[in-house]
Every structure is written in structure tokens, then in C-alpha cells.
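One file, query.json, carrying JSON, C-alpha atoms:
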[["chain", "number", "residue", "atom", "x", "y", "z"],
["A", 1, "MET", "CA", -22.01, -11.90, 0.45],
["A", 2, "TRP", "CA", -21.01, -10.68, -2.99],
["A", 3, "LEU", "CA", -19.58, -7.30, -3.88],
["A", 4, "CYS", "CA", -19.87, -8.10, -7.61],
["A", 5, "ARG", "CA", -21.72, -10.92, -9.31],
["A", 6, "PRO", "CA", -23.80, -11.26, -12.48],
["A", 7, "GLY", "CA", -27.31, -9.86, -12.06],
["A", 8, "LEU", "CA", -26.56, -8.08, -8.78],
["A", 9, "ALA", "CA", -28.50, -4.83, -8.34],
["A", 10, "GLY", "CA", -26.11, -1.88, -8.23],
["A", 11, "ASN", "CA", -23.21, -4.09, -9.30],
["A", 12, "PRO", "CA", -20.05, -1.88, -9.16],
["A", 13, "CYS", "CA", -18.39, -4.17, -11.71],
["A", 14, "ALA", "CA", -21.05, -3.33, -14.32],
["A", 15, "GLY", "CA", -22.64, -0.17, -15.67],
["A", 16, "ASP", "CA", -21.07, 2.51, -17.83],
["A", 17, "LEU", "CA", -17.53, 1.43, -18.74],
["A", 18, "ASP", "CA", -16.86, 3.95, -21.52],
["A", 19, "ILE", "CA", -13.28, 5.18, -21.82],
["A", 20, "THR", "CA", -11.88, 8.37, -23.35],
["A", 21, "SER", "CA", -8.31, 8.08, -24.59],
["A", 22, "VAL", "CA", -6.14, 11.19, -24.15],
["A", 23, "SER", "CA", -3.05, 11.46, -26.36],
["A", 24, "ALA", "CA", 0.19, 13.37, -25.76],
["A", 25, "THR", "CA", -1.29, 16.30, -27.71],
["A", 26, "GLY", "CA", -4.38, 16.39, -25.50],
["A", 27, "ALA", "CA", -6.60, 15.01, -28.25],
["A", 28, "GLN", "CA", -9.53, 13.02, -26.84],
["A", 29, "THR", "CA", -11.03, 10.04, -28.66],
["A", 30, "ALA", "CA", -13.36, 7.24, -27.67],
["A", 31, "SER", "CA", -11.44, 4.09, -26.78],
["A", 32, "PRO", "CA", -12.72, 1.14, -28.86],
["A", 33, "ASP", "CA", -14.85, -1.48, -27.17],
["A", 34, "LEU", "CA", -13.50, -4.96, -26.63],
["A", 35, "PRO", "CA", -15.31, -7.69, -28.56],
["A", 36, "ALA", "CA", -18.27, -9.28, -26.82],
["A", 37, "GLY", "CA", -18.24, -12.90, -25.67],
["A", 38, "GLY", "CA", -17.00, -12.61, -22.11],
["A", 39, "GLU", "CA", -19.94, -14.55, -20.71],
["A", 40, "ALA", "CA", -18.02, -17.77, -21.45],
["A", 41, "PHE", "CA", -15.42, -16.87, -18.79],
["A", 42, "ASP", "CA", -15.48, -16.00, -15.10],
["A", 43, "CYS", "CA", -13.18, -13.58, -13.27],
["A", 44, "PHE", "CA", -12.72, -14.15, -9.52],
["A", 45, "TYR", "CA", -11.57, -10.80, -8.11],
["A", 46, "VAL", "CA", -10.24, -10.21, -4.57],
["A", 47, "TYR", "CA", -9.86, -6.56, -3.59],
["A", 48, "PRO", "CA", -6.92, -5.08, -1.63],
["A", 49, "THR", "CA", -6.94, -3.81, 1.95],
["A", 50, "VAL", "CA", -9.45, -0.95, 1.93],
["A", 51, "SER", "CA", -11.67, -1.44, 5.00],
["A", 52, "LEU", "CA", -11.91, 1.48, 7.44],
["A", 53, "GLU", "CA", -13.94, -0.50, 9.97],
["A", 54, "ALA", "CA", -12.82, -0.69, 13.59],
["A", 55, "GLY", "CA", -11.30, -3.90, 14.89],
["A", 56, "PRO", "CA", -8.83, -6.35, 13.39],
["A", 57, "ASN", "CA", -11.20, -7.78, 10.75],
["A", 58, "ALA", "CA", -13.94, -6.24, 8.63],
["A", 59, "ASP", "CA", -17.46, -7.60, 8.61],
["A", 60, "LEU", "CA", -19.26, -8.56, 5.40],
["A", 61, "THR", "CA", -21.18, -5.31, 4.95],
["A", 62, "VAL", "CA", -20.52, -3.71, 1.57],
["A", 63, "GLN", "CA", -18.93, -0.31, 2.19],
["A", 64, "PRO", "CA", -18.02, 2.55, -0.20],
["A", 65, "THR", "CA", -14.33, 1.60, 0.01],
["A", 66, "GLU", "CA", -14.96, -1.88, -1.40],
["A", 67, "ILE", "CA", -17.25, -0.47, -4.09],
["A", 68, "ASP", "CA", -14.57, 2.05, -5.11],
["A", 69, "ALA", "CA", -11.88, -0.64, -5.33],
["A", 70, "ALA", "CA", -14.04, -2.92, -7.45],
["A", 71, "ARG", "CA", -15.03, -0.12, -9.78],
["A", 72, "ARG", "CA", -11.44, 1.09, -10.12],
["A", 73, "GLN", "CA", -9.69, -2.25, -10.59],
["A", 74, "ALA", "CA", -12.19, -4.88, -11.71],
["A", 75, "ALA", "CA", -15.08, -3.27, -13.59],
["A", 76, "GLN", "CA", -13.31, -3.07, -16.95],
["A", 77, "PHE", "CA", -12.76, -6.84, -16.88],
["A", 78, "SER", "CA", -16.53, -7.35, -17.14],
["A", 79, "ARG", "CA", -16.00, -6.68, -20.85],
["A", 80, "LEU", "CA", -14.18, -10.03, -20.95],
["A", 81, "CYS", "CA", -15.74, -12.15, -18.20],
["A", 82, "ASN", "CA", -18.43, -12.51, -15.56],
["A", 83, "VAL", "CA", -16.84, -10.76, -12.55],
["A", 84, "TRP", "CA", -17.38, -12.47, -9.20],
["A", 85, "ALA", "CA", -16.01, -10.48, -6.24],
["A", 86, "PRO", "CA", -16.76, -11.81, -2.76],
["A", 87, "MET", "CA", -16.86, -9.74, 0.38],
["A", 88, "TYR", "CA", -14.38, -11.21, 2.86],
["A", 89, "ARG", "CA", -13.31, -10.42, 6.40],
["A", 90, "GLN", "CA", -10.06, -8.75, 5.52],
["A", 91, "ARG", "CA", -7.72, -7.18, 8.06],
["A", 92, "THR", "CA", -8.61, -3.51, 8.34],
["A", 93, "LEU", "CA", -6.58, -0.38, 7.70],
["A", 94, "ILE", "CA", -7.21, 1.37, 11.01],
["A", 95, "ALA", "CA", -6.83, -1.36, 13.62],
["A", 96, "PRO", "CA", -3.54, -1.23, 15.60],
["A", 97, "SER", "CA", -0.77, -2.74, 13.52],
["A", 98, "PRO", "CA", 0.12, -5.66, 15.84],
["A", 99, "THR", "CA", -3.54, -6.70, 15.75],
["A", 100, "VAL", "CA", -3.84, -6.28, 12.00],
["A", 101, "HIS", "CA", -0.91, -8.58, 11.38],
["A", 102, "SER", "CA", -1.77, -11.16, 14.04],
["A", 103, "ALA", "CA", -2.00, -14.79, 13.01],
["A", 104, "ALA", "CA", -5.59, -14.95, 14.25],
["A", 105, "ALA", "CA", -6.70, -11.99, 12.11],
["A", 106, "ALA", "CA", -4.90, -13.44, 9.08],
["A", 107, "GLU", "CA", -6.63, -16.78, 9.58],
["A", 108, "ILE", "CA", -10.05, -15.11, 9.77],
["A", 109, "GLU", "CA", -9.23, -13.19, 6.58],
["A", 110, "TYR", "CA", -8.22, -16.28, 4.62],
["A", 111, "SER", "CA", -10.98, -18.53, 6.00],
["A", 112, "SER", "CA", -13.57, -15.98, 4.95],
["A", 113, "LEU", "CA", -12.18, -15.83, 1.41],
["A", 114, "LEU", "CA", -12.00, -19.63, 1.26],
["A", 115, "SER", "CA", -15.67, -19.87, 2.26],
["A", 116, "ALA", "CA", -16.59, -17.54, -0.61],
["A", 117, "TRP", "CA", -14.48, -19.56, -3.05],
["A", 118, "ASN", "CA", -16.16, -22.81, -2.00],
["A", 119, "ASP", "CA", -19.58, -21.21, -2.47],
["A", 120, "TYR", "CA", -18.61, -19.90, -5.91],
["A", 121, "ILE", "CA", -16.97, -23.07, -7.25],
["A", 122, "THR", "CA", -19.74, -25.32, -5.90],
["A", 123, "HIS", "CA", -22.83, -23.30, -6.83],
["A", 124, "PHE", "CA", -21.98, -20.73, -9.48],
["A", 125, "ASN", "CA", -18.97, -21.55, -11.65],
["A", 126, "GLY", "CA", -20.74, -24.14, -13.79],
["A", 127, "GLY", "CA", -17.51, -25.28, -15.45],
["A", 128, "HIS", "CA", -16.51, -21.82, -16.75],
["A", 129, "PRO", "CA", -12.80, -21.12, -17.28],
["A", 130, "ILE", "CA", -11.51, -18.74, -14.59],
["A", 131, "ILE", "CA", -9.26, -15.69, -14.50],
["A", 132, "PHE", "CA", -8.11, -14.89, -10.96],
["A", 133, "ILE", "CA", -7.47, -11.20, -10.18],
["A", 134, "GLY", "CA", -5.97, -9.85, -6.96],
["A", 135, "HIS", "CA", -4.11, -6.83, -5.71],
["A", 136, "SER", "CA", -2.09, -6.41, -2.49],
["A", 137, "THR", "CA", -3.92, -8.34, 0.25],
["A", 138, "GLY", "CA", -6.12, -9.80, -2.47],
["A", 139, "THR", "CA", -3.00, -11.27, -4.04],
["A", 140, "THR", "CA", -1.79, -12.60, -0.69],
["A", 141, "VAL", "CA", -4.94, -14.59, -0.01],
["A", 142, "LEU", "CA", -5.21, -15.71, -3.65],
["A", 143, "ILE", "CA", -1.68, -17.13, -3.55],
["A", 144, "GLU", "CA", -2.68, -19.27, -0.56],
["A", 145, "LEU", "CA", -5.95, -20.31, -2.20],
["A", 146, "LEU", "CA", -4.28, -21.21, -5.50],
["A", 147, "SER", "CA", -1.43, -23.09, -3.83],
["A", 148, "GLN", "CA", -3.81, -25.24, -1.77],
["A", 149, "TYR", "CA", -6.75, -25.79, -4.10],
["A", 150, "VAL", "CA", -5.73, -25.14, -7.72],
["A", 151, "ASP", "CA", -2.01, -25.87, -8.03],
["A", 152, "THR", "CA", -2.61, -29.34, -6.57],
["A", 153, "ASN", "CA", -5.75, -30.06, -8.62],
["A", 154, "PRO", "CA", -5.20, -30.91, -12.33],
["A", 155, "ALA", "CA", -8.87, -30.38, -13.20],
["A", 156, "LEU", "CA", -8.93, -26.87, -11.72],
["A", 157, "ARG", "CA", -5.55, -26.03, -13.24],
["A", 158, "GLN", "CA", -7.05, -26.95, -16.61],
["A", 159, "ARG", "CA", -9.90, -24.52, -15.93],
["A", 160, "MET", "CA", -7.55, -21.67, -14.96],
["A", 161, "VAL", "CA", -6.97, -19.21, -17.80],
["A", 162, "SER", "CA", -4.53, -17.09, -15.82],
["A", 163, "ALA", "CA", -3.96, -15.40, -12.47],
["A", 164, "LEU", "CA", -3.21, -11.68, -12.18],
["A", 165, "LEU", "CA", -1.39, -11.60, -8.82],
["A", 166, "ILE", "CA", -0.42, -7.94, -8.64],
["A", 167, "GLY", "CA", 1.18, -5.91, -5.88],
["A", 168, "GLY", "CA", 2.06, -8.86, -3.68],
["A", 169, "TYR", "CA", 4.53, -11.64, -3.06],
["A", 170, "PRO", "CA", 4.34, -14.42, -5.67],
["A", 171, "GLU", "CA", 7.69, -16.22, -5.74],
["A", 172, "VAL", "CA", 9.48, -18.45, -8.22],
["A", 173, "ALA", "CA", 12.50, -20.69, -7.78],
["A", 174, "PRO", "CA", 15.79, -18.95, -8.65],
["A", 175, "GLY", "CA", 16.32, -18.94, -12.41],
["A", 176, "SER", "CA", 12.94, -20.58, -13.05],
["A", 177, "ASP", "CA", 9.39, -19.61, -14.01],
["A", 178, "VAL", "CA", 7.91, -22.13, -11.59],
["A", 179, "GLY", "CA", 8.58, -23.24, -8.03],
["A", 180, "GLY", "CA", 8.36, -20.91, -5.05],
["A", 181, "SER", "CA", 4.67, -20.13, -4.52],
["A", 182, "PHE", "CA", 3.46, -22.89, -6.88],
["A", 183, "ARG", "CA", 4.76, -26.26, -8.02],
["A", 184, "HIS", "CA", 2.84, -26.44, -11.30],
["A", 185, "ILE", "CA", 1.64, -22.93, -12.18],
["A", 186, "PRO", "CA", 4.34, -21.00, -14.09],
["A", 187, "ALA", "CA", 4.88, -17.34, -14.91],
["A", 188, "CYS", "CA", 3.20, -16.08, -18.09],
["A", 189, "ARG", "CA", 5.80, -15.43, -20.78],
["A", 190, "SER", "CA", 3.49, -15.16, -23.79],
["A", 191, "ALA", "CA", 0.00, -13.85, -24.47],
["A", 192, "ALA", "CA", -0.76, -17.25, -26.01],
["A", 193, "GLN", "CA", 0.13, -19.03, -22.76],
["A", 194, "THR", "CA", -2.61, -20.07, -20.34],
["A", 195, "GLY", "CA", -2.69, -21.53, -16.85],
["A", 196, "CYS", "CA", -0.02, -19.06, -15.75],
["A", 197, "VAL", "CA", 0.64, -16.03, -13.52],
["A", 198, "ILE", "CA", 1.14, -12.35, -14.28],
["A", 199, "GLY", "CA", 2.60, -10.51, -11.30],
["A", 200, "TYR", "CA", 4.63, -7.40, -10.56],
["A", 201, "ASN", "CA", 5.28, -4.55, -8.13],
["A", 202, "SER", "CA", 5.73, -1.10, -9.67],
["A", 203, "TYR", "CA", 8.38, 1.44, -8.64],
["A", 204, "TYR", "CA", 10.04, 4.47, -10.21],
["A", 205, "GLY", "CA", 13.42, 3.09, -9.12],
["A", 206, "ILE", "CA", 15.04, 0.37, -7.05],
["A", 207, "PRO", "CA", 12.88, -0.41, -4.00],
["A", 208, "PRO", "CA", 14.55, 0.68, -0.76],
["A", 209, "ALA", "CA", 15.90, -1.97, 1.58],
["A", 210, "THR", "CA", 12.88, -1.30, 3.79],
["A", 211, "SER", "CA", 10.40, -1.54, 0.90],
["A", 212, "ARG", "CA", 7.09, -3.33, 1.33],
["A", 213, "PHE", "CA", 7.32, -5.13, -2.00],
["A", 214, "GLY", "CA", 9.79, -6.27, -4.66],
["A", 215, "ARG", "CA", 11.91, -8.38, -2.31],
["A", 216, "PRO", "CA", 13.48, -10.92, -1.58],
["A", 217, "GLY", "CA", 15.26, -10.32, -4.84],
["A", 218, "ASP", "CA", 15.57, -12.69, -7.76],
["A", 219, "THR", "CA", 12.89, -15.07, -6.48],
["A", 220, "THR", "CA", 10.19, -12.39, -6.66],
["A", 221, "LEU", "CA", 8.00, -12.86, -9.73],
["A", 222, "CYS", "CA", 7.93, -10.04, -12.27],
["A", 223, "THR", "CA", 6.15, -10.33, -15.59],
["A", 224, "ASN", "CA", 5.79, -7.14, -17.60],
["A", 225, "PRO", "CA", 2.09, -6.95, -18.58],
["A", 226, "ALA", "CA", 3.04, -4.84, -21.60],
["A", 227, "ALA", "CA", 5.63, -7.39, -22.83],
["A", 228, "LEU", "CA", 5.17, -10.83, -21.30],
["A", 229, "GLY", "CA", 8.12, -12.17, -23.30],
["A", 230, "GLY", "CA", 10.45, -9.63, -21.69],
["A", 231, "GLY", "CA", 11.99, -6.27, -22.41],
["A", 232, "PRO", "CA", 10.63, -2.72, -22.12],
["A", 233, "ALA", "CA", 7.29, -1.66, -23.57],
["A", 234, "ALA", "CA", 4.72, 1.13, -23.34],
["A", 235, "LEU", "CA", 2.00, 0.94, -20.72],
["A", 236, "ASP", "CA", -1.66, 1.55, -21.47],
["A", 237, "SER", "CA", -2.90, 3.22, -18.28],
["A", 238, "ILE", "CA", -6.63, 3.44, -17.48],
["A", 239, "PHE", "CA", -8.09, 5.27, -14.48],
["A", 240, "GLU", "CA", -11.47, 6.34, -13.24],
["A", 241, "THR", "CA", -12.00, 9.91, -14.42],
["A", 242, "SER", "CA", -13.02, 11.07, -10.95],
["A", 243, "GLY", "CA", -12.06, 9.92, -7.50],
["A", 244, "TYR", "CA", -8.88, 7.86, -7.60],
["A", 245, "ALA", "CA", -7.57, 9.17, -10.91],
["A", 246, "PRO", "CA", -4.57, 11.55, -10.90],
["A", 247, "ARG", "CA", -5.49, 15.14, -11.68],
["A", 248, "GLY", "CA", -5.56, 15.76, -15.42],
["A", 249, "PRO", "CA", -8.00, 16.09, -18.32],
["A", 250, "THR", "CA", -11.56, 15.33, -17.22],
["A", 251, "PRO", "CA", -13.56, 13.85, -20.08],
["A", 252, "SER", "CA", -17.25, 13.06, -19.63],
["A", 253, "THR", "CA", -16.75, 9.28, -19.66],
["A", 254, "PRO", "CA", -16.28, 7.46, -16.33],
["A", 255, "PHE", "CA", -12.83, 6.17, -17.35],
["A", 256, "VAL", "CA", -9.83, 7.87, -18.95],
["A", 257, "GLU", "CA", -6.92, 6.23, -20.78],
["A", 258, "TYR", "CA", -3.34, 7.55, -21.10],
["A", 259, "PRO", "CA", -1.61, 5.31, -23.67],
["A", 260, "GLY", "CA", 2.18, 5.48, -23.77],
["A", 261, "LEU", "CA", 2.54, 7.85, -20.82],
["A", 262, "TYR", "CA", 4.91, 5.35, -19.19],
["A", 263, "GLN", "CA", 7.35, 2.63, -20.21],
["A", 264, "ALA", "CA", 7.81, -0.49, -18.09],
["A", 265, "ALA", "CA", 10.40, -3.26, -17.78],
["A", 266, "CYS", "CA", 11.12, -5.95, -15.21],
["A", 267, "VAL", "CA", 14.42, -5.28, -13.43],
["A", 268, "SER", "CA", 16.46, -7.21, -10.86],
["A", 269, "ALA", "CA", 19.19, -5.33, -8.99],
["A", 270, "GLY", "CA", 20.45, -4.77, -5.47],
["A", 271, "GLY", "CA", 18.54, -7.71, -4.02],
["A", 272, "ALA", "CA", 15.18, -6.63, -5.45],
["A", 273, "THR", "CA", 13.00, -7.44, -8.46],
["A", 274, "TRP", "CA", 10.37, -4.97, -9.62],
["A", 275, "LEU", "CA", 8.52, -3.44, -12.57],
["A", 276, "GLN", "CA", 10.52, -0.33, -13.40],
["A", 277, "ILE", "CA", 8.18, 2.51, -14.37],
["A", 278, "THR", "CA", 9.78, 5.20, -16.54],
["A", 279, "PRO", "CA", 7.87, 8.29, -17.67],
["A", 280, "ALA", "CA", 7.94, 8.67, -21.45],
["A", 281, "ALA", "CA", 9.44, 11.79, -22.93],
["A", 282, "ARG", "CA", 6.79, 14.45, -23.14],
["A", 283, "SER", "CA", 6.28, 17.87, -24.66],
["A", 284, "PRO", "CA", 5.28, 20.91, -22.58],
["A", 285, "ALA", "CA", 1.86, 20.71, -24.23],
["A", 286, "ASP", "CA", 1.16, 17.19, -22.93],
["A", 287, "PRO", "CA", -1.71, 17.69, -20.41],
["A", 288, "ARG", "CA", -1.62, 14.20, -18.95],
["A", 289, "PRO", "CA", -0.71, 13.92, -15.25],
["A", 290, "ARG", "CA", 2.24, 12.13, -13.72],
["A", 291, "LEU", "CA", 1.72, 9.81, -10.76],
["A", 292, "THR", "CA", 3.55, 10.32, -7.48],
["A", 293, "ASP", "CA", 4.54, 7.64, -4.97],
["A", 294, "ASN", "CA", 2.16, 9.24, -2.49],
["A", 295, "LEU", "CA", 2.46, 6.40, 0.02],
["A", 296, "GLY", "CA", 6.21, 6.94, 0.32],
["A", 297, "PRO", "CA", 9.28, 5.29, -1.26],
["A", 298, "ASP", "CA", 8.79, 1.96, 0.55],
["A", 299, "TRP", "CA", 5.44, 1.53, -1.22],
["A", 300, "GLY", "CA", 6.45, 2.91, -4.61],
["A", 301, "LEU", "CA", 3.50, 3.09, -6.99],
["A", 302, "HIS", "CA", 1.62, 0.35, -5.18],
["A", 303, "ALA", "CA", -1.66, 2.28, -5.10],
["A", 304, "TYR", "CA", -1.64, 2.41, -8.91],
["A", 305, "ASP", "CA", -0.25, -1.07, -9.71],
["A", 306, "VAL", "CA", -3.36, -2.25, -11.53],
["A", 307, "ASN", "CA", -4.40, 0.97, -13.27],
["A", 308, "LEU", "CA", -0.92, 1.78, -14.57],
["A", 309, "ALA", "CA", -1.21, -1.27, -16.82],
["A", 310, "LEU", "CA", -4.95, -1.90, -16.91],
["A", 311, "GLY", "CA", -5.17, -1.62, -20.71],
["A", 312, "ASN", "CA", -2.29, -4.09, -21.07],
["A", 313, "LEU", "CA", -3.87, -6.50, -18.59],
["A", 314, "LEU", "CA", -7.15, -6.40, -20.51],
["A", 315, "ALA", "CA", -5.28, -7.16, -23.74],
["A", 316, "ASP", "CA", -3.39, -10.01, -22.04],
["A", 317, "VAL", "CA", -6.59, -11.58, -20.72],
["A", 318, "GLN", "CA", -8.30, -11.20, -24.09],
["A", 319, "ALA", "CA", -5.40, -12.99, -25.82],
["A", 320, "GLU", "CA", -5.34, -15.71, -23.16],
["A", 321, "GLU", "CA", -9.06, -16.32, -23.60],
["A", 322, "ARG", "CA", -8.55, -16.78, -27.33],
["A", 323, "ALA", "CA", -5.63, -19.13, -26.69],
["A", 324, "TYR", "CA", -7.65, -21.08, -24.13],
["A", 325, "HIS", "CA", -10.35, -21.94, -26.66],
["A", 326, "ASP", "CA", -7.81, -22.66, -29.41]]
Represent the structure from my file as C-alpha cells, please.
Amino acid sequence: MWLCRPGLAGNPCAGDLDITSVSATGAQTASPDLPAGGEAFDCFYVYPTVSLEAGPNADLTVQPTEIDAARRQAAQFSRLCNVWAPMYRQRTLIAPSPTVHSAAAAEIEYSSLLSAWNDYITHFNGGHPIIFIGHSTGTTVLIELLSQYVDTNPALRQRMVSALLIGGYPEVAPGSDVGGSFRHIPACRSAAQTGCVIGYNSYYGIPPATSRFGRPGDTTLCTNPAALGGGPAALDSIFETSGYAPRGPTPSTPFVEYPGLYQAACVSAGGATWLQITPAARSPADPRPRLTDNLGPDWGLHAYDVNLALGNLLADVQAEERAYHD
């Protein structure tokens, strides 16, 4: 079962992708289109935990929650690649917590994703280079998939453009860009680098000791999508105009962009490593909204991990695709 795939009727990863960019003065302009040519690449997207079904694991029926996640996080990548997003039997949001986190439910979740991967790589990939995209639970199952089937396979590693493993637990060896989750797949430290990982967890400040993400400390991977080589840089945030977007200007396009509303930098301190999100200085006339950590301090800005830097991630993938063919 596919949530998104080329040619699928009602594909949530296709359709109107127009973006209106809103500046600090409130001026609205059309965001420029990315160059065509994405049909040469595939994106394999795994959505986060969104299922509201009863029981420990979801079934494979496409629900509005999966459609919303794909539209919010993955649709813009269809400018750069063929987006393949499988339905998988993820652990649900509303089942009792001990059941959700049981080993049996986790095994069903991963086995379902692995079945979809085997179907895709056997019948549909056709030798295309691949960008892996995951968030939260999607990142968790992708780490396992990559460690077992890509990291150990030189031919598939050669086909991997990059992996966006966001809002999860990719690890590196202390003081290294490799080791930890993978033996051969390093962190991305340049937009011209391929076969590497971009990963981060976003917070307004140091994650609490009880935080869900950003720990255990200096082995947690953080690559700033706005500055892969390191240091602070401005984020290019893109949200759906309605639904999941923070309240703010409502242009007529389905997506809205807030360039430079935030700065970001990877930080390690107090036994944690995270992407520090700092609101840029703003004038009273700036109409753009600020995000809140609405899930609580332990979660930080987890709900917005992807969209906070979606414009940067698109630029990173575009540069990696160029480097891959060079």
C-alpha cells in the first residue's frame, strides 16, 4: 500500500505546491520554482507517528492523518524527486503506552516498513539514486533499515544521495562523523557531499534532562541544514498555509515561506546535543508568527522539525543531486 507514489490518483505528495514568501515587512512574493529534472531521483519518505487507530499497530488503510503528514513534510520534495511513501503498520498514538512501546509492536512496525522497502527496491526503483526522508518514528525505522540493508551494501550506498533523519536518534562515535548508528555512512558536512546523513532535533534551549530527544549528549548527530559545514545560519521555514501552519498571514497559495524568521546552530552542552533555534530580531510590524513548543519542553519544537528548515533541506537535496551527477 502506497501513501505517495508516481501516478497515484489523489497523490498527497503532488498537486499544487506553490509557495508565497512573506518577508519581515509583510510583503508577499511568489517563491521561485526549483529547476525541473527530479524524475532522475527517488525520495523514500517514512512519516512520523500520526495514526489515531485503536490498538498497538495501525493497519494499512490510508487515513487523513497520514495524508496530512505527507503533504506537510514530503510534498515539496516532489519538485526534486519521485516521492515514494509507503503505508506501514506503525505504533499508534492512542494505544496504551506500554503496548505502544512493546517489542512485539515495534517488530510489527519495522517488518511492515521493511516489506514496503523490499517491494520498492525490487519492483520500482529501477536503479534511481535515492534520498531517504524520515521524521520521528520514520527516522527510527529508517535508521534500522539503513544500518541493515544500505550501510552494509556498497552498491546501495553508492545509490544513496543522502538521508534526512530528522527528529530521532541517529548517533555518531564521540568526536567523529561516522560510527554509532552506521559504520560507513557519515554525517553531511557539505552540500557537495553525498552518501551522508542530515539529522537534528530542534529546541529553543537546552533539552531538559527528561527530554525525548537530543540525548545522550555528544554522540547524538546534529547537522545544521542551513549550514552543513557548521556555525549559525538563517532558516528558511515553509509551512502549509492552512492546517498545521502557525497562525499568521494567509496567502492564497497552499504553502507559505518565512525566510530568516529563525537562526539555527548545532550546540552541545549539559549532556545534550541539539539544533538551537533562535528567533531573529524583529520589528513590531513583522506579521509572521512565532512557534511555541506546544508539546511541552521535553519535546521542544519536535512537531515543526522538518518545516522549520524545509527550504534549507530542499536546497541541500538540490545541491546533493547536482554533486551526485558530477
Each stretch 127-169 of chain A residue no farther than 12 Å from stretch 80-85 of chain A, nearest pair in Å, all atoms listed in the file, as a tab-separated table:
residue	atom	partner	partner_atom	distance
A:His128	CA	A:Asn82	CA	9.6
A:Pro129	CA	A:Cys81	CA	9.5
A:Ile130	CA	A:Cys81	CA	8.6
A:Ile131	CA	A:Cys81	CA	8.3
A:Phe132	CA	A:Trp84	CA	9.7
A:Ile133	CA	A:Ala85	CA	9.4
A:Gly134	CA	A:Ala85	CA	10.1
A:Gly138	CA	A:Ala85	CA	10.6
A:Val161	CA	A:Cys81	CA	11.3
List the spatial neighbours of stretch 250-258 of chain A as a PDB file with C-alpha atoms, in the coordinates of the input - criterion: any atom at most 8 Å away, only C-alpha atoms, same-chain residues fewer than 5 positions off excluded.
ATOM      1  CA  ASP A  16     -21.070   2.510 -17.830  1.00  0.00           C
ATOM      2  CA  LEU A  17     -17.530   1.430 -18.740  1.00  0.00           C
ATOM      3  CA  ASP A  18     -16.860   3.950 -21.520  1.00  0.00           C
ATOM      4  CA  ILE A  19     -13.280   5.180 -21.820  1.00  0.00           C
ATOM      5  CA  THR A  20     -11.880   8.370 -23.350  1.00  0.00           C
ATOM      6  CA  SER A  21      -8.310   8.080 -24.590  1.00  0.00           C
ATOM      7  CA  VAL A  22      -6.140  11.190 -24.150  1.00  0.00           C
ATOM      8  CA  SER A  23      -3.050  11.460 -26.360  1.00  0.00           C
ATOM      9  CA  GLN A  28      -9.530  13.020 -26.840  1.00  0.00           C
ATOM     10  CA  SER A  31     -11.440   4.090 -26.780  1.00  0.00           C
ATOM     11  CA  ASP A 236      -1.660   1.550 -21.470  1.00  0.00           C
ATOM     12  CA  SER A 237      -2.900   3.220 -18.280  1.00  0.00           C
ATOM     13  CA  ILE A 238      -6.630   3.440 -17.480  1.00  0.00           C
ATOM     14  CA  PHE A 239      -8.090   5.270 -14.480  1.00  0.00           C
ATOM     15  CA  GLU A 240     -11.470   6.340 -13.240  1.00  0.00           C
ATOM     16  CA  THR A 241     -12.000   9.910 -14.420  1.00  0.00           C
ATOM     17  CA  SER A 242     -13.020  11.070 -10.950  1.00  0.00           C
ATOM     18  CA  ARG A 288      -1.620  14.200 -18.950  1.00  0.00           C
TER      19      ARG A 288
END
Would you kindly return, as a tab-separated table (two decimals) with C-alpha atoms, in the coordinates of the input, each protein, DNA or RNA residue with an atom no farther than 12 Å from any atom of A:Ser268, considering only C-alpha atoms and excluding same-chain residues fewer than 3 positions away?
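Result written to out.tsv:
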chain	number	residue	atom	x	y	z
A	174	PRO	CA	15.79	-18.95	-8.65
A	175	GLY	CA	16.32	-18.94	-12.41
A	200	TYR	CA	4.63	-7.40	-10.56
A	201	ASN	CA	5.28	-4.55	-8.13
A	205	GLY	CA	13.42	3.09	-9.12
A	206	ILE	CA	15.04	0.37	-7.05
A	207	PRO	CA	12.88	-0.41	-4.00
A	214	GLY	CA	9.79	-6.27	-4.66
A	215	ARG	CA	11.91	-8.38	-2.31
A	216	PRO	CA	13.48	-10.92	-1.58
A	217	GLY	CA	15.26	-10.32	-4.84
A	218	ASP	CA	15.57	-12.69	-7.76
A	219	THR	CA	12.89	-15.07	-6.48
A	220	THR	CA	10.19	-12.39	-6.66
A	221	LEU	CA	8.00	-12.86	-9.73
A	222	CYS	CA	7.93	-10.04	-12.27
A	223	THR	CA	6.15	-10.33	-15.59
A	265	ALA	CA	10.40	-3.26	-17.78
A	271	GLY	CA	18.54	-7.71	-4.02
A	272	ALA	CA	15.18	-6.63	-5.45
A	273	THR	CA	13.00	-7.44	-8.46
A	274	TRP	CA	10.37	-4.97	-9.62
A	275	LEU	CA	8.52	-3.44	-12.57
A	276	GLN	CA	10.52	-0.33	-13.40
> How would you write as a list of chain:residue names the residues that get within 9 Å of (1.0, -15.2, -26.1) in the file's frame, counting all atoms listed in the file?
Replying inline: A:Cys188, A:Arg189, A:Ser190, A:Ala191, A:Ala192, A:Gln193, A:Thr194, A:Leu228, A:Gly229, A:Asp316, A:Ala319, A:Glu320, A:Ala323
>> What's the separation between atom CA of A:Asn125 and atom CA of A:Ala14, in Å to one decimal place?
In response: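 Calculated distance between atom CA of A:Asn125 and atom CA of A:Ala14 is 18.5 Å.
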>> Rounded to one decimal, what separation in Å do you get between atom CA of A:Asp177 and atom CA of A:Met160?
In response: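 Atom-to-atom, atom CA of A:Asp177 to atom CA of A:Met160, that is 17.1 Å.
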